[in-house]
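Asks: Take this structure, written in structure tokens, and hold onto it; I'll ask about it next.
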Amino acid sequence: MRLGGVLLVIAAALTASGPAEARRSAMSNTPEIALIADLPNDSRFEAYGAEGRTVTLDLGWSYREFSALWMPFAAWKEEGFVFYSRDANGQTHLAPATARELAAIKQLTGVDYEADYAFPYWQYYWGWGPLALVIGLVVWRRRQEQKRKDAEGIM
């Protein structure tokens, strides 16, 4: 199989393996929120939403993800700990969580999210694996071709 065919097969496999709904476009640099805790349905964990009604808040971690060809290549902290809610339209509303608010949550729930939670950055770097594989395949094929030329005396 020629190198172009191999690259085409790899590109087709990557396209098929990347769920379109998980990553919005082939290239993206988007803010995201990872759920840390569904806070209890308690008036102490509510806020007023955009429509003036109370909404239940969740605790999350705000980060930014860079992806290419629907594969994540990097993630980094955007806001850190945040309170957020999603309205009926799916729109997300968030506010940074202060150390004071996190201490109050710890006192009410008995869980120290600040000490216990570590964002799994390593999950957002797997996109480098297929890229390294393609580069390695290209280097290997070039070396094989050079060895063949050397053996046949072709310059």
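Ordering of the structure tokens sets the chain letters (A, B, ...); residue numbers start at 1 within each chain; ligands are numbered from 1 in the order shown.
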What lies within 10 Å of region 29-40 of chain A using only C-alpha atoms, ignoring chain neighbours under 6 positions off, as a VMD selection string?
Replies: chain A and resid 23 46 56 to 68 72 74 to 84 92 94 105 108 to 109 113 117 to 120
Asks: Deliver the residues from the most recent selection as a file, using N, CA, C and O atoms, as a CSV table (one decimal), in the first residue's frame.
Replies:
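Below is the file that was written, result_23.csv:
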chain,number,residue,atom,x,y,z
A,23,ARG,N,-17.0,17.1,19.8
A,23,ARG,CA,-16.1,18.2,19.4
A,23,ARG,C,-16.8,18.9,18.2
A,23,ARG,O,-17.1,18.3,17.2
A,46,GLU,N,-28.7,27.6,45.6
A,46,GLU,CA,-29.5,28.2,44.5
A,46,GLU,C,-29.1,29.6,44.2
A,46,GLU,O,-28.6,30.3,45.1
A,56,THR,N,-30.9,25.7,40.5
A,56,THR,CA,-30.0,24.9,41.3
A,56,THR,C,-28.6,25.0,40.6
A,56,THR,O,-28.5,24.8,39.4
A,57,LEU,N,-27.6,25.2,41.4
A,57,LEU,CA,-26.2,25.3,40.9
A,57,LEU,C,-25.5,24.0,41.1
A,57,LEU,O,-25.8,23.2,41.9
A,58,ASP,N,-24.6,23.8,40.2
A,58,ASP,CA,-23.6,22.7,40.2
A,58,ASP,C,-22.2,23.3,40.4
A,58,ASP,O,-22.0,24.4,40.0
A,59,LEU,N,-21.3,22.4,40.9
A,59,LEU,CA,-19.9,22.9,41.1
A,59,LEU,C,-19.2,22.2,39.9
A,59,LEU,O,-19.3,21.0,39.7
A,60,GLY,N,-18.4,23.0,39.2
A,60,GLY,CA,-17.6,22.5,38.1
A,60,GLY,C,-16.2,23.2,38.0
A,60,GLY,O,-15.8,24.0,38.8
A,61,TRP,N,-15.5,22.7,37.1
A,61,TRP,CA,-14.1,23.2,36.8
A,61,TRP,C,-14.1,23.8,35.4
A,61,TRP,O,-14.4,23.1,34.4
A,62,SER,N,-13.8,25.0,35.2
A,62,SER,CA,-13.8,25.7,34.0
A,62,SER,C,-12.4,25.6,33.3
A,62,SER,O,-11.4,25.9,33.9
A,63,TYR,N,-12.4,25.1,32.1
A,63,TYR,CA,-11.1,24.9,31.4
A,63,TYR,C,-11.3,25.2,29.9
A,63,TYR,O,-12.5,25.3,29.4
A,64,ARG,N,-10.3,25.3,29.2
A,64,ARG,CA,-10.3,25.6,27.8
A,64,ARG,C,-9.6,24.4,27.1
A,64,ARG,O,-8.6,23.9,27.5
A,65,GLU,N,-10.2,23.9,26.0
A,65,GLU,CA,-9.7,22.8,25.3
A,65,GLU,C,-9.3,23.2,23.9
A,65,GLU,O,-10.1,23.8,23.2
A,66,PHE,N,-8.2,22.8,23.4
A,66,PHE,CA,-7.8,22.9,22.0
A,66,PHE,C,-7.8,21.6,21.4
A,66,PHE,O,-7.2,20.6,21.8
A,67,SER,N,-8.6,21.5,20.2
A,67,SER,CA,-8.6,20.2,19.5
A,67,SER,C,-8.5,20.5,18.0
A,67,SER,O,-8.8,21.6,17.5
A,68,ALA,N,-8.0,19.5,17.3
A,68,ALA,CA,-7.8,19.6,15.9
A,68,ALA,C,-8.2,18.2,15.4
A,68,ALA,O,-7.8,17.2,15.9
A,72,PRO,N,-8.4,16.0,21.0
A,72,PRO,CA,-7.9,17.0,21.9
A,72,PRO,C,-6.3,17.0,21.9
A,72,PRO,O,-5.7,15.9,22.0
A,74,ALA,N,-4.7,19.7,23.9
A,74,ALA,CA,-4.3,20.4,25.1
A,74,ALA,C,-5.5,20.9,25.8
A,74,ALA,O,-6.6,21.1,25.2
A,75,ALA,N,-5.4,21.1,27.1
A,75,ALA,CA,-6.4,21.7,28.0
A,75,ALA,C,-5.7,22.5,29.1
A,75,ALA,O,-4.7,22.1,29.5
A,76,TRP,N,-6.3,23.6,29.4
A,76,TRP,CA,-5.7,24.4,30.5
A,76,TRP,C,-6.8,25.1,31.3
A,76,TRP,O,-7.9,25.2,30.8
A,77,LYS,N,-6.5,25.5,32.5
A,77,LYS,CA,-7.4,26.2,33.4
A,77,LYS,C,-7.9,27.5,32.8
A,77,LYS,O,-7.1,28.3,32.3
A,78,GLU,N,-9.2,27.7,32.8
A,78,GLU,CA,-9.8,28.9,32.4
A,78,GLU,C,-10.2,29.8,33.6
A,78,GLU,O,-9.6,30.8,33.9
A,79,GLU,N,-11.2,29.3,34.3
A,79,GLU,CA,-11.6,30.0,35.5
A,79,GLU,C,-11.4,29.2,36.8
A,79,GLU,O,-11.4,29.7,37.9
A,80,GLY,N,-11.2,27.9,36.6
A,80,GLY,CA,-11.0,27.1,37.8
A,80,GLY,C,-12.3,26.6,38.3
A,80,GLY,O,-13.3,26.3,37.6
A,81,PHE,N,-12.5,26.6,39.7
A,81,PHE,CA,-13.8,26.3,40.3
A,81,PHE,C,-14.8,27.3,39.9
A,81,PHE,O,-14.6,28.5,40.1
A,82,VAL,N,-16.0,26.8,39.5
A,82,VAL,CA,-17.1,27.7,39.2
A,82,VAL,C,-18.4,27.1,39.6
A,82,VAL,O,-18.5,25.8,39.8
A,83,PHE,N,-19.4,27.9,39.8
A,83,PHE,CA,-20.8,27.5,40.0
A,83,PHE,C,-21.4,27.7,38.7
A,83,PHE,O,-21.2,28.7,38.0
A,84,TYR,N,-22.3,26.7,38.2
A,84,TYR,CA,-22.9,26.9,36.9
A,84,TYR,C,-24.3,26.3,36.9
A,84,TYR,O,-24.6,25.4,37.7
A,92,THR,N,-25.3,27.9,29.1
A,92,THR,CA,-24.7,27.8,30.4
A,92,THR,C,-24.4,29.1,31.0
A,92,THR,O,-23.9,30.1,30.4
A,94,LEU,N,-22.4,30.8,34.4
A,94,LEU,CA,-21.4,30.5,35.4
A,94,LEU,C,-20.9,31.7,36.2
A,94,LEU,O,-21.0,32.8,35.7
A,105,ILE,N,-19.3,25.3,51.3
A,105,ILE,CA,-19.7,24.0,50.8
A,105,ILE,C,-19.1,22.9,51.5
A,105,ILE,O,-19.8,21.9,51.9
A,108,LEU,N,-21.0,22.5,54.8
A,108,LEU,CA,-22.4,22.0,54.6
A,108,LEU,C,-22.4,20.6,54.1
A,108,LEU,O,-23.2,19.8,54.6
A,109,THR,N,-21.5,20.2,53.2
A,109,THR,CA,-21.5,18.8,52.7
A,109,THR,C,-20.5,17.9,53.3
A,109,THR,O,-20.6,16.7,53.2
A,113,TYR,N,-13.8,19.9,48.2
A,113,TYR,CA,-13.6,19.8,46.8
A,113,TYR,C,-12.2,20.4,46.4
A,113,TYR,O,-11.6,19.9,45.4
A,117,TYR,N,-10.2,17.5,44.5
A,117,TYR,CA,-10.4,17.4,43.0
A,117,TYR,C,-9.1,17.8,42.3
A,117,TYR,O,-8.4,18.8,42.7
A,118,ALA,N,-8.8,17.0,41.3
A,118,ALA,CA,-7.6,17.3,40.4
A,118,ALA,C,-8.1,17.1,39.0
A,118,ALA,O,-8.6,16.0,38.6
A,119,PHE,N,-8.1,18.1,38.2
A,119,PHE,CA,-8.5,18.1,36.8
A,119,PHE,C,-7.6,17.1,36.0
A,119,PHE,O,-6.4,17.2,36.1
A,120,PRO,N,-8.2,16.2,35.3
A,120,PRO,CA,-7.4,15.2,34.6
A,120,PRO,C,-6.9,15.7,33.2
A,120,PRO,O,-7.4,15.4,32.2
Asks: From a backbone DSSP assignment, name each residue in chain A labelled alpha helix (DSSP H), as an MDAnalysis selection string.
Replies: chainID A and resid 3:17 99:109 113:116 128:152
Asks: Could you tell me how far CA of Arg141 (chain A) sits from CA of Trp128 (chain A), in Å to one decimal place?
Replies: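 Computing it gives 19.8 Å between the two atoms.
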Asks: Could you pull out all residues of region 93-130 of chain A with a DSSP call of strand (DSSP E or B) and give them as a PDB file with N, CA and C atoms, in the first residue's frame?
Replies:
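Output contents, as saved in states19.pdb:
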ATOM      1  N   HIS A  93     -24.704  29.262  32.333  1.00  0.00           N
ATOM      2  CA  HIS A  93     -24.413  30.469  33.094  1.00  0.00           C
ATOM      3  C   HIS A  93     -23.465  30.067  34.211  1.00  0.00           C
ATOM      4  N   LEU A  94     -22.386  30.835  34.376  1.00  0.00           N
ATOM      5  CA  LEU A  94     -21.437  30.452  35.411  1.00  0.00           C
ATOM      6  C   LEU A  94     -20.919  31.662  36.158  1.00  0.00           C
ATOM      7  N   ALA A  95     -20.407  31.376  37.348  1.00  0.00           N
ATOM      8  CA  ALA A  95     -19.789  32.392  38.196  1.00  0.00           C
ATOM      9  C   ALA A  95     -18.619  31.731  38.918  1.00  0.00           C
ATOM     10  N   PRO A  96     -17.491  32.429  39.017  1.00  0.00           N
ATOM     11  CA  PRO A  96     -16.342  31.847  39.729  1.00  0.00           C
ATOM     12  C   PRO A  96     -16.691  31.549  41.186  1.00  0.00           C
TER      13      PRO A  96
END
Asks: Expressed in Å to a single decimal, how great is the separation between CA of Lys147 (chain A) and CA of Pro130 (chain A)?
Replies: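 Separation of CA of Lys147 (chain A) and CA of Pro130 (chain A): 25.5 Å.
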